[in-house]
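K.L.:
Below is the file protein.pdb, with PDB, C-alpha atoms.
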```pdb
ATOM      1  CA  LEU A   1       0.434 -16.251  27.953  1.00  0.00           C
ATOM      2  CA  VAL A   2      -2.262 -18.050  25.943  1.00  0.00           C
ATOM      3  CA  VAL A   3      -2.896 -21.738  26.571  1.00  0.00           C
ATOM      4  CA  ASP A   4      -1.952 -23.583  23.375  1.00  0.00           C
ATOM      5  CA  GLY A   5      -4.888 -24.454  21.161  1.00  0.00           C
ATOM      6  CA  THR A   6      -7.414 -22.188  22.893  1.00  0.00           C
ATOM      7  CA  ARG A   7      -7.205 -18.972  20.855  1.00  0.00           C
ATOM      8  CA  ALA A   8     -10.025 -18.447  18.378  1.00  0.00           C
ATOM      9  CA  ASN A   9     -11.379 -15.488  16.449  1.00  0.00           C
ATOM     10  CA  VAL A  10     -14.974 -15.132  17.595  1.00  0.00           C
ATOM     11  CA  LEU A  11     -16.286 -11.788  16.363  1.00  0.00           C
ATOM     12  CA  ASN A  12     -15.789  -9.267  13.609  1.00  0.00           C
ATOM     13  CA  ASN A  13     -16.845  -5.653  13.636  1.00  0.00           C
ATOM     14  CA  GLN A  14     -16.962  -3.109  10.848  1.00  0.00           C
ATOM     15  CA  VAL A  15     -15.828   0.504  10.714  1.00  0.00           C
ATOM     16  CA  VAL A  16     -18.787   2.502   9.407  1.00  0.00           C
ATOM     17  CA  VAL A  17     -19.670   6.068   8.489  1.00  0.00           C
ATOM     18  CA  ILE A  18     -22.892   7.235  10.140  1.00  0.00           C
ATOM     19  CA  SER A  19     -25.189  10.223   9.944  1.00  0.00           C
ATOM     20  CA  LEU A  20     -28.282  11.401  11.732  1.00  0.00           C
ATOM     21  CA  LYS A  21     -31.244   9.383  10.487  1.00  0.00           C
ATOM     22  CA  ASP A  22     -32.719  10.919   7.309  1.00  0.00           C
ATOM     23  CA  SER A  23     -30.117  13.696   7.319  1.00  0.00           C
ATOM     24  CA  GLY A  24     -29.828  13.949   3.557  1.00  0.00           C
ATOM     25  CA  THR A  25     -26.034  14.198   3.792  1.00  0.00           C
ATOM     26  CA  LYS A  26     -24.028  14.173   0.573  1.00  0.00           C
ATOM     27  CA  VAL A  27     -21.453  11.883   2.195  1.00  0.00           C
ATOM     28  CA  THR A  28     -21.623   8.345   0.828  1.00  0.00           C
ATOM     29  CA  GLY A  29     -18.551   6.873   2.541  1.00  0.00           C
ATOM     30  CA  LEU A  30     -14.963   7.496   3.559  1.00  0.00           C
ATOM     31  CA  GLU A  31     -14.100   8.374  -0.020  1.00  0.00           C
ATOM     32  CA  ASN A  32     -16.058  11.651   0.136  1.00  0.00           C
ATOM     33  CA  LEU A  33     -15.920  12.673   3.794  1.00  0.00           C
ATOM     34  CA  LYS A  34     -14.798  16.080   2.520  1.00  0.00           C
ATOM     35  CA  ASP A  35     -18.409  16.734   1.481  1.00  0.00           C
ATOM     36  CA  ALA A  36     -19.533  16.864   5.124  1.00  0.00           C
ATOM     37  CA  LYS A  37     -20.131  20.150   6.918  1.00  0.00           C
ATOM     38  CA  SER A  38     -18.727  18.617  10.110  1.00  0.00           C
ATOM     39  CA  ILE A  39     -17.310  15.272  11.191  1.00  0.00           C
ATOM     40  CA  ALA A  40     -16.991  13.578  14.577  1.00  0.00           C
ATOM     41  CA  LEU A  41     -13.837  11.431  14.724  1.00  0.00           C
ATOM     42  CA  ALA A  42     -12.109   9.553  17.491  1.00  0.00           C
ATOM     43  CA  GLY A  43      -8.560  10.655  18.236  1.00  0.00           C
ATOM     44  CA  GLY A  44      -5.586   8.761  16.831  1.00  0.00           C
ATOM     45  CA  SER A  45      -4.897   6.996  20.132  1.00  0.00           C
ATOM     46  CA  VAL A  46      -8.371   5.391  20.113  1.00  0.00           C
ATOM     47  CA  PRO A  47      -8.768   2.114  18.164  1.00  0.00           C
ATOM     48  CA  VAL A  48     -11.574   3.359  15.875  1.00  0.00           C
ATOM     49  CA  GLY A  49      -9.551   6.540  15.316  1.00  0.00           C
ATOM     50  CA  LYS A  50      -6.561   4.445  14.228  1.00  0.00           C
ATOM     51  CA  TYR A  51      -8.724   2.344  11.922  1.00  0.00           C
ATOM     52  CA  THR A  52     -10.216   5.506  10.396  1.00  0.00           C
ATOM     53  CA  ARG A  53      -6.831   7.097   9.791  1.00  0.00           C
ATOM     54  CA  GLN A  54      -5.450   3.853   8.329  1.00  0.00           C
ATOM     55  CA  ALA A  55      -8.393   3.593   5.946  1.00  0.00           C
ATOM     56  CA  LEU A  56      -7.933   7.209   4.842  1.00  0.00           C
ATOM     57  CA  VAL A  57      -4.220   6.564   4.241  1.00  0.00           C
ATOM     58  CA  ASN A  58      -4.987   3.417   2.236  1.00  0.00           C
ATOM     59  CA  LEU A  59      -7.595   5.295   0.197  1.00  0.00           C
ATOM     60  CA  GLY A  60      -4.971   7.947  -0.615  1.00  0.00           C
ATOM     61  CA  THR A  61      -6.756  10.734   1.275  1.00  0.00           C
ATOM     62  CA  LEU A  62      -4.056  11.008   3.959  1.00  0.00           C
ATOM     63  CA  LYS A  63      -0.314  10.616   3.766  1.00  0.00           C
ATOM     64  CA  THR A  64       1.981   9.435   6.535  1.00  0.00           C
ATOM     65  CA  ASP A  65       5.620   8.538   6.959  1.00  0.00           C
ATOM     66  CA  GLY A  66       5.030   6.835  10.299  1.00  0.00           C
ATOM     67  CA  GLU A  67       2.334   5.396  12.478  1.00  0.00           C
ATOM     68  CA  VAL A  68      -1.240   6.409  11.718  1.00  0.00           C
ATOM     69  CA  ASP A  69      -1.966   7.258  15.354  1.00  0.00           C
ATOM     70  CA  ALA A  70       0.442  10.190  14.961  1.00  0.00           C
ATOM     71  CA  ILE A  71      -1.807  11.795  12.327  1.00  0.00           C
ATOM     72  CA  THR A  72      -3.484  14.729  14.038  1.00  0.00           C
ATOM     73  CA  THR A  73      -7.078  15.793  13.637  1.00  0.00           C
ATOM     74  CA  ALA A  74      -5.807  19.031  12.075  1.00  0.00           C
ATOM     75  CA  GLN A  75      -3.974  16.983   9.431  1.00  0.00           C
ATOM     76  CA  VAL A  76      -7.134  14.969   8.729  1.00  0.00           C
ATOM     77  CA  SER A  77      -9.130  18.192   8.389  1.00  0.00           C
ATOM     78  CA  GLN A  78      -6.528  19.669   6.041  1.00  0.00           C
ATOM     79  CA  ALA A  79      -6.525  16.507   3.880  1.00  0.00           C
ATOM     80  CA  LEU A  80     -10.321  16.779   3.671  1.00  0.00           C
ATOM     81  CA  GLY A  81     -10.230  20.370   2.473  1.00  0.00           C
ATOM     82  CA  GLY A  82     -10.581  22.053   5.856  1.00  0.00           C
ATOM     83  CA  VAL A  83     -13.809  20.396   6.979  1.00  0.00           C
ATOM     84  CA  GLU A  84     -14.662  20.997  10.655  1.00  0.00           C
ATOM     85  CA  ILE A  85     -13.743  17.978  12.780  1.00  0.00           C
ATOM     86  CA  SER A  86     -14.735  17.382  16.365  1.00  0.00           C
ATOM     87  CA  GLU A  87     -12.134  15.067  17.897  1.00  0.00           C
ATOM     88  CA  GLU A  88     -13.713  12.789  20.484  1.00  0.00           C
ATOM     89  CA  ASP A  89     -12.112  10.729  23.256  1.00  0.00           C
ATOM     90  CA  ASN A  90     -13.886   7.500  22.354  1.00  0.00           C
ATOM     91  CA  VAL A  91     -16.303   5.868  19.943  1.00  0.00           C
ATOM     92  CA  SER A  92     -19.301   6.460  22.224  1.00  0.00           C
ATOM     93  CA  LYS A  93     -18.708  10.202  22.121  1.00  0.00           C
ATOM     94  CA  VAL A  94     -18.481  10.113  18.315  1.00  0.00           C
ATOM     95  CA  LEU A  95     -21.817   8.288  18.219  1.00  0.00           C
ATOM     96  CA  THR A  96     -23.398  10.787  20.609  1.00  0.00           C
ATOM     97  CA  ALA A  97     -22.089  13.781  18.628  1.00  0.00           C
ATOM     98  CA  VAL A  98     -23.845  12.505  15.513  1.00  0.00           C
ATOM     99  CA  ALA A  99     -26.996  11.303  17.324  1.00  0.00           C
ATOM    100  CA  GLU A 100     -27.423  14.733  18.927  1.00  0.00           C
ATOM    101  CA  GLY A 101     -26.873  16.476  15.585  1.00  0.00           C
ATOM    102  CA  SER A 102     -23.670  18.211  16.693  1.00  0.00           C
ATOM    103  CA  ASN A 103     -21.854  16.715  13.687  1.00  0.00           C
ATOM    104  CA  GLU A 104     -23.198  15.740  10.281  1.00  0.00           C
ATOM    105  CA  VAL A 105     -21.298  12.446  10.084  1.00  0.00           C
ATOM    106  CA  GLY A 106     -19.022  10.309  12.201  1.00  0.00           C
ATOM    107  CA  VAL A 107     -16.975   7.125  12.031  1.00  0.00           C
ATOM    108  CA  VAL A 108     -17.804   4.380  14.535  1.00  0.00           C
ATOM    109  CA  TYR A 109     -18.095   0.601  14.726  1.00  0.00           C
ATOM    110  CA  ALA A 110     -21.177  -1.108  13.296  1.00  0.00           C
ATOM    111  CA  THR A 111     -22.045  -2.385  16.767  1.00  0.00           C
ATOM    112  CA  ASP A 112     -22.140   1.158  18.144  1.00  0.00           C
ATOM    113  CA  ALA A 113     -24.353   2.312  15.277  1.00  0.00           C
ATOM    114  CA  ALA A 114     -26.652  -0.674  15.921  1.00  0.00           C
ATOM    115  CA  SER A 115     -27.223   0.575  19.462  1.00  0.00           C
ATOM    116  CA  MET A 116     -28.879   3.786  18.187  1.00  0.00           C
ATOM    117  CA  THR A 117     -30.745   2.802  15.037  1.00  0.00           C
ATOM    118  CA  ASP A 118     -33.587   5.084  16.103  1.00  0.00           C
ATOM    119  CA  LYS A 119     -31.279   8.118  15.770  1.00  0.00           C
ATOM    120  CA  VAL A 120     -28.461   7.284  13.358  1.00  0.00           C
ATOM    121  CA  GLU A 121     -28.057   5.363  10.142  1.00  0.00           C
ATOM    122  CA  VAL A 122     -25.085   3.673   8.571  1.00  0.00           C
ATOM    123  CA  ILE A 123     -24.125   5.395   5.331  1.00  0.00           C
ATOM    124  CA  ALA A 124     -21.343   2.981   4.384  1.00  0.00           C
ATOM    125  CA  GLU A 125     -18.879   0.428   5.675  1.00  0.00           C
ATOM    126  CA  ALA A 126     -15.184   1.156   5.306  1.00  0.00           C
ATOM    127  CA  PRO A 127     -13.939  -0.853   2.335  1.00  0.00           C
ATOM    128  CA  SER A 128     -12.256  -3.984   3.682  1.00  0.00           C
ATOM    129  CA  ASP A 129      -9.179  -3.345   1.537  1.00  0.00           C
ATOM    130  CA  ALA A 130      -8.862   0.126   3.105  1.00  0.00           C
ATOM    131  CA  LEU A 131      -8.263  -1.294   6.576  1.00  0.00           C
ATOM    132  CA  LYS A 132      -4.759  -2.504   7.381  1.00  0.00           C
ATOM    133  CA  THR A 133      -6.182  -5.172   9.656  1.00  0.00           C
ATOM    134  CA  PRO A 134      -9.755  -6.344  10.167  1.00  0.00           C
ATOM    135  CA  VAL A 135     -11.560  -5.576  13.428  1.00  0.00           C
ATOM    136  CA  ILE A 136     -11.429  -8.988  15.100  1.00  0.00           C
ATOM    137  CA  TYR A 137     -12.172  -9.981  18.682  1.00  0.00           C
ATOM    138  CA  PRO A 138     -10.342 -13.173  19.684  1.00  0.00           C
ATOM    139  CA  VAL A 139     -10.899 -15.290  22.760  1.00  0.00           C
ATOM    140  CA  GLY A 140      -8.608 -17.722  24.527  1.00  0.00           C
ATOM    141  CA  LEU A 141      -7.527 -19.066  27.846  1.00  0.00           C
ATOM    142  CA  VAL A 142      -4.587 -17.417  29.550  1.00  0.00           C
ATOM    143  CA  LYS A 143      -2.058 -19.288  31.614  1.00  0.00           C
ATOM    144  CA  ASN A 144      -2.701 -18.658  35.299  1.00  0.00           C
ATOM    145  CA  SER A 145      -0.820 -20.750  37.834  1.00  0.00           C
ATOM    146  CA  ASP A 146      -2.834 -19.138  40.645  1.00  0.00           C
ATOM    147  CA  ALA A 147      -6.197 -20.333  39.283  1.00  0.00           C
ATOM    148  CA  THR A 148      -7.861 -23.291  40.933  1.00  0.00           C
ATOM    149  CA  ASP A 149      -8.903 -26.327  38.891  1.00  0.00           C
ATOM    150  CA  GLU A 150     -12.534 -25.155  39.248  1.00  0.00           C
ATOM    151  CA  GLU A 151     -11.660 -21.681  37.930  1.00  0.00           C
ATOM    152  CA  LYS A 152      -9.772 -23.183  34.990  1.00  0.00           C
ATOM    153  CA  LYS A 153     -12.740 -25.440  34.209  1.00  0.00           C
ATOM    154  CA  ASP A 154     -15.153 -22.480  34.380  1.00  0.00           C
ATOM    155  CA  ALA A 155     -12.930 -20.375  32.129  1.00  0.00           C
ATOM    156  CA  LYS A 156     -12.748 -23.164  29.547  1.00  0.00           C
ATOM    157  CA  GLU A 157     -16.531 -23.594  29.613  1.00  0.00           C
ATOM    158  CA  PHE A 158     -16.964 -19.848  29.083  1.00  0.00           C
ATOM    159  CA  VAL A 159     -14.528 -19.764  26.153  1.00  0.00           C
ATOM    160  CA  ASP A 160     -16.299 -22.780  24.651  1.00  0.00           C
ATOM    161  CA  TYR A 161     -19.718 -21.130  25.165  1.00  0.00           C
ATOM    162  CA  LEU A 162     -18.617 -17.967  23.331  1.00  0.00           C
ATOM    163  CA  GLN A 163     -18.162 -20.129  20.234  1.00  0.00           C
ATOM    164  CA  THR A 164     -21.620 -21.752  20.316  1.00  0.00           C
ATOM    165  CA  ASP A 165     -24.519 -20.961  18.015  1.00  0.00           C
ATOM    166  CA  ASP A 166     -26.456 -19.527  20.999  1.00  0.00           C
ATOM    167  CA  ALA A 167     -23.701 -17.020  21.779  1.00  0.00           C
ATOM    168  CA  LYS A 168     -23.240 -16.205  18.087  1.00  0.00           C
ATOM    169  CA  ALA A 169     -26.962 -15.390  17.816  1.00  0.00           C
ATOM    170  CA  VAL A 170     -26.619 -12.856  20.644  1.00  0.00           C
ATOM    171  CA  PHE A 171     -23.528 -11.297  19.080  1.00  0.00           C
ATOM    172  CA  THR A 172     -25.272 -11.032  15.716  1.00  0.00           C
ATOM    173  CA  LYS A 173     -28.276  -9.374  17.359  1.00  0.00           C
ATOM    174  CA  TYR A 174     -25.945  -6.604  18.556  1.00  0.00           C
ATOM    175  CA  GLY A 175     -24.322  -5.979  15.181  1.00  0.00           C
ATOM    176  CA  PHE A 176     -21.278  -8.243  15.217  1.00  0.00           C
ATOM    177  CA  SER A 177     -20.501 -10.684  12.452  1.00  0.00           C
ATOM    178  CA  VAL A 178     -19.287 -14.030  13.697  1.00  0.00           C
ATOM    179  CA  GLU A 179     -16.523 -16.365  12.582  1.00  0.00           C
TER     180      GLU A 179
END
```
Let me see the file written as structure tokens.
P.N.:
Amino acid sequence: LVVDGTRANVLNNQVVVISLKDSGTKVTGLENLKDAKSIALAGGSVPVGKYTRQALVNLGTLKTDGEVDAITTAQVSQALGGVEISEEDNVSKVLTAVAEGSNEVGVVYATDAASMTDKVEVIAEAPSDALKTPVIYPVGLVKNSDATDEEKKDAKEFVDYLQTDDAKAVFTKYGFSVE
């Protein structure tokens, strides 16, 4: 489906552990999440929830015989010594749960944390070797026989623009790292 030669990795994001600003939490990263009183986590079907579970498996905190998205929140809680976990539907709800003080810590993307620096702080990034795959956002042109020549030209210009220094500066401003 992708036009040959047009796919490029443009952005990277990080999985981070956050807390309410100046919370004084004992949690210093994924390695000691068990020290939290309560944790907001995305469910296993949500990308950040999958990344979190994969990191916990790779760190030896969780065990699995199958796909990480099948690891339930109850299993995560049990692996962390019974800590209270609020399972959220998406990363925004995890961020809100921590920003409102409903949970002591949460796991979100760096870009989400950057959107609320007045309320939350990043405690730690997930160790890169703990993630099975990095959080990468690629771009590329897709084959579309219904597109007009003008639409194809516009799409190519947009894909090219996303790789410029101007676009990269905007992405960096919002917490992404760029390729």
K.L.:
Using only C-alpha atoms for the distances, tell me which of A:Val48, A:Ala124, A:Val16, A:Leu131 is nearest to A:Asp89.
P.N.:
A:Val48
K.L.:
Mind telling me what the PyMOL selection byres ((chain A and resi 30-41) around 9) catches here, as an MDAnalysis selection string?
P.N.:
chainID A and resid 16:17 25:29 42:44 48:49 52 55:56 59 61 73 77 79:91 93:95 97:98 102:108 124:127
K.L.:
To test the calculation: enclose all listed atoms of stretch 1-10 of chain A in a box whose edges run along x, y and z, add 5 Å on each side, then state centre and edge lengths in Å to one decimal, as lines of an AutoDock Vina configuration file.
P.N.:
```
center_x = -7.3
center_y = -19.8
center_z = 22.2
size_x = 25.4
size_y = 19.3
size_z = 21.5
```
K.L.:
Please provide the set of residues having any atom within 12 Å of A:Val2, restricted to only C-alpha atoms, with same-chain residues fewer than 4 positions apart removed, written as a list in words.
P.N.:
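My list of contacting residues is Thr6, Arg7, Ala8, Pro138, Val139, Gly140, Leu141, Val142, Lys143 and Asn144 of chain A.
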K.L.:
Identify which of the residues A:Val3, A:Val57, A:Ala113, A:Leu62 lies closest to A:Ser19, counting only C-alpha atoms when measuring atom-to-atom distances.
P.N.:
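Among A:Val3, A:Val57, A:Ala113, A:Leu62, it is A:Ala113 that comes nearest to A:Ser19.
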K.L.:
Which protein, DNA or RNA residues have an atom at most 10 Å from (-21.0, -10.0, 15.8), counting only C-alpha atoms? List them as a VMD selection string.
P.N.:
chain A and resid 10 to 14 110 to 111 136 to 137 167 to 179
K.L.:
Mind filling out stretch 123-147 of chain A with N, CA, C and O atoms and sending it as a PDB file, keeping the file's coordinate frame?
P.N.:
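Final output, out.pdb:
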```pdb
ATOM      1  N   ILE A 123     -24.226   4.951   6.720  1.00  0.00           N
ATOM      2  CA  ILE A 123     -24.125   5.395   5.331  1.00  0.00           C
ATOM      3  C   ILE A 123     -23.330   4.375   4.526  1.00  0.00           C
ATOM      4  O   ILE A 123     -23.698   4.024   3.410  1.00  0.00           O
ATOM      5  N   ALA A 124     -22.215   3.912   5.102  1.00  0.00           N
ATOM      6  CA  ALA A 124     -21.343   2.981   4.384  1.00  0.00           C
ATOM      7  C   ALA A 124     -20.392   2.301   5.351  1.00  0.00           C
ATOM      8  O   ALA A 124     -20.064   2.851   6.399  1.00  0.00           O
ATOM      9  N   GLU A 125     -19.951   1.111   4.965  1.00  0.00           N
ATOM     10  CA  GLU A 125     -18.879   0.428   5.675  1.00  0.00           C
ATOM     11  C   GLU A 125     -17.558   0.858   5.041  1.00  0.00           C
ATOM     12  O   GLU A 125     -17.503   1.132   3.845  1.00  0.00           O
ATOM     13  N   ALA A 126     -16.523   0.902   5.858  1.00  0.00           N
ATOM     14  CA  ALA A 126     -15.184   1.156   5.306  1.00  0.00           C
ATOM     15  C   ALA A 126     -14.839  -0.020   4.397  1.00  0.00           C
ATOM     16  O   ALA A 126     -15.068  -1.177   4.770  1.00  0.00           O
ATOM     17  N   PRO A 127     -14.329   0.252   3.218  1.00  0.00           N
ATOM     18  CA  PRO A 127     -13.939  -0.853   2.335  1.00  0.00           C
ATOM     19  C   PRO A 127     -12.923  -1.758   3.037  1.00  0.00           C
ATOM     20  O   PRO A 127     -11.984  -1.268   3.659  1.00  0.00           O
ATOM     21  N   SER A 128     -13.141  -3.055   2.961  1.00  0.00           N
ATOM     22  CA  SER A 128     -12.256  -3.984   3.682  1.00  0.00           C
ATOM     23  C   SER A 128     -10.804  -3.841   3.247  1.00  0.00           C
ATOM     24  O   SER A 128      -9.897  -4.003   4.056  1.00  0.00           O
ATOM     25  N   ASP A 129     -10.563  -3.502   1.994  1.00  0.00           N
ATOM     26  CA  ASP A 129      -9.179  -3.345   1.537  1.00  0.00           C
ATOM     27  C   ASP A 129      -8.563  -2.025   2.009  1.00  0.00           C
ATOM     28  O   ASP A 129      -7.366  -1.805   1.867  1.00  0.00           O
ATOM     29  N   ALA A 130      -9.388  -1.144   2.593  1.00  0.00           N
ATOM     30  CA  ALA A 130      -8.862   0.126   3.105  1.00  0.00           C
ATOM     31  C   ALA A 130      -8.348  -0.015   4.534  1.00  0.00           C
ATOM     32  O   ALA A 130      -7.605   0.834   5.010  1.00  0.00           O
ATOM     33  N   LEU A 131      -8.745  -1.075   5.209  1.00  0.00           N
ATOM     34  CA  LEU A 131      -8.263  -1.294   6.576  1.00  0.00           C
ATOM     35  C   LEU A 131      -6.998  -2.131   6.528  1.00  0.00           C
ATOM     36  O   LEU A 131      -6.906  -3.102   5.780  1.00  0.00           O
ATOM     37  N   LYS A 132      -6.019  -1.754   7.338  1.00  0.00           N
ATOM     38  CA  LYS A 132      -4.759  -2.504   7.381  1.00  0.00           C
ATOM     39  C   LYS A 132      -5.011  -3.888   7.979  1.00  0.00           C
ATOM     40  O   LYS A 132      -4.474  -4.887   7.518  1.00  0.00           O
ATOM     41  N   THR A 133      -5.819  -3.915   9.013  1.00  0.00           N
ATOM     42  CA  THR A 133      -6.182  -5.172   9.656  1.00  0.00           C
ATOM     43  C   THR A 133      -7.679  -5.159   9.939  1.00  0.00           C
ATOM     44  O   THR A 133      -8.250  -4.107  10.225  1.00  0.00           O
ATOM     45  N   PRO A 134      -8.329  -6.302   9.848  1.00  0.00           N
ATOM     46  CA  PRO A 134      -9.755  -6.344  10.167  1.00  0.00           C
ATOM     47  C   PRO A 134      -9.976  -6.158  11.668  1.00  0.00           C
ATOM     48  O   PRO A 134      -9.074  -6.363  12.477  1.00  0.00           O
ATOM     49  N   VAL A 135     -11.195  -5.769  12.025  1.00  0.00           N
ATOM     50  CA  VAL A 135     -11.560  -5.576  13.428  1.00  0.00           C
ATOM     51  C   VAL A 135     -12.042  -6.924  13.951  1.00  0.00           C
ATOM     52  O   VAL A 135     -13.181  -7.320  13.723  1.00  0.00           O
ATOM     53  N   ILE A 136     -11.146  -7.633  14.621  1.00  0.00           N
ATOM     54  CA  ILE A 136     -11.429  -8.988  15.100  1.00  0.00           C
ATOM     55  C   ILE A 136     -11.298  -9.033  16.615  1.00  0.00           C
ATOM     56  O   ILE A 136     -10.392  -8.426  17.189  1.00  0.00           O
ATOM     57  N   TYR A 137     -12.207  -9.781  17.238  1.00  0.00           N
ATOM     58  CA  TYR A 137     -12.172  -9.981  18.682  1.00  0.00           C
ATOM     59  C   TYR A 137     -11.891 -11.458  18.948  1.00  0.00           C
ATOM     60  O   TYR A 137     -12.755 -12.308  18.760  1.00  0.00           O
ATOM     61  N   PRO A 138     -10.666 -11.776  19.383  1.00  0.00           N
ATOM     62  CA  PRO A 138     -10.342 -13.173  19.684  1.00  0.00           C
ATOM     63  C   PRO A 138     -10.681 -13.518  21.137  1.00  0.00           C
ATOM     64  O   PRO A 138     -10.915 -12.641  21.970  1.00  0.00           O
ATOM     65  N   VAL A 139     -10.708 -14.796  21.404  1.00  0.00           N
ATOM     66  CA  VAL A 139     -10.899 -15.290  22.760  1.00  0.00           C
ATOM     67  C   VAL A 139      -9.885 -16.415  22.971  1.00  0.00           C
ATOM     68  O   VAL A 139      -9.440 -17.044  22.007  1.00  0.00           O
ATOM     69  N   GLY A 140      -9.520 -16.633  24.208  1.00  0.00           N
ATOM     70  CA  GLY A 140      -8.608 -17.722  24.527  1.00  0.00           C
ATOM     71  C   GLY A 140      -8.383 -17.792  26.015  1.00  0.00           C
ATOM     72  O   GLY A 140      -8.722 -16.865  26.751  1.00  0.00           O
ATOM     73  N   LEU A 141      -7.866 -18.900  26.433  1.00  0.00           N
ATOM     74  CA  LEU A 141      -7.527 -19.066  27.846  1.00  0.00           C
ATOM     75  C   LEU A 141      -6.116 -18.547  28.080  1.00  0.00           C
ATOM     76  O   LEU A 141      -5.233 -18.756  27.242  1.00  0.00           O
ATOM     77  N   VAL A 142      -5.921 -17.874  29.191  1.00  0.00           N
ATOM     78  CA  VAL A 142      -4.587 -17.417  29.550  1.00  0.00           C
ATOM     79  C   VAL A 142      -4.022 -18.327  30.632  1.00  0.00           C
ATOM     80  O   VAL A 142      -4.757 -18.873  31.451  1.00  0.00           O
ATOM     81  N   LYS A 143      -2.720 -18.471  30.597  1.00  0.00           N
ATOM     82  CA  LYS A 143      -2.058 -19.288  31.614  1.00  0.00           C
ATOM     83  C   LYS A 143      -2.136 -18.555  32.951  1.00  0.00           C
ATOM     84  O   LYS A 143      -1.835 -17.367  33.028  1.00  0.00           O
ATOM     85  N   ASN A 144      -2.566 -19.252  33.975  1.00  0.00           N
ATOM     86  CA  ASN A 144      -2.701 -18.658  35.299  1.00  0.00           C
ATOM     87  C   ASN A 144      -2.414 -19.726  36.341  1.00  0.00           C
ATOM     88  O   ASN A 144      -3.285 -20.528  36.679  1.00  0.00           O
ATOM     89  N   SER A 145      -1.215 -19.733  36.852  1.00  0.00           N
ATOM     90  CA  SER A 145      -0.820 -20.750  37.834  1.00  0.00           C
ATOM     91  C   SER A 145      -1.525 -20.559  39.166  1.00  0.00           C
ATOM     92  O   SER A 145      -1.552 -21.483  39.992  1.00  0.00           O
ATOM     93  N   ASP A 146      -2.121 -19.385  39.395  1.00  0.00           N
ATOM     94  CA  ASP A 146      -2.834 -19.138  40.645  1.00  0.00           C
ATOM     95  C   ASP A 146      -4.293 -19.605  40.597  1.00  0.00           C
ATOM     96  O   ASP A 146      -4.952 -19.676  41.630  1.00  0.00           O
ATOM     97  N   ALA A 147      -4.800 -19.920  39.408  1.00  0.00           N
ATOM     98  CA  ALA A 147      -6.197 -20.333  39.283  1.00  0.00           C
ATOM     99  C   ALA A 147      -6.386 -21.751  39.814  1.00  0.00           C
ATOM    100  O   ALA A 147      -5.532 -22.623  39.619  1.00  0.00           O
TER     101      ALA A 147
END
```
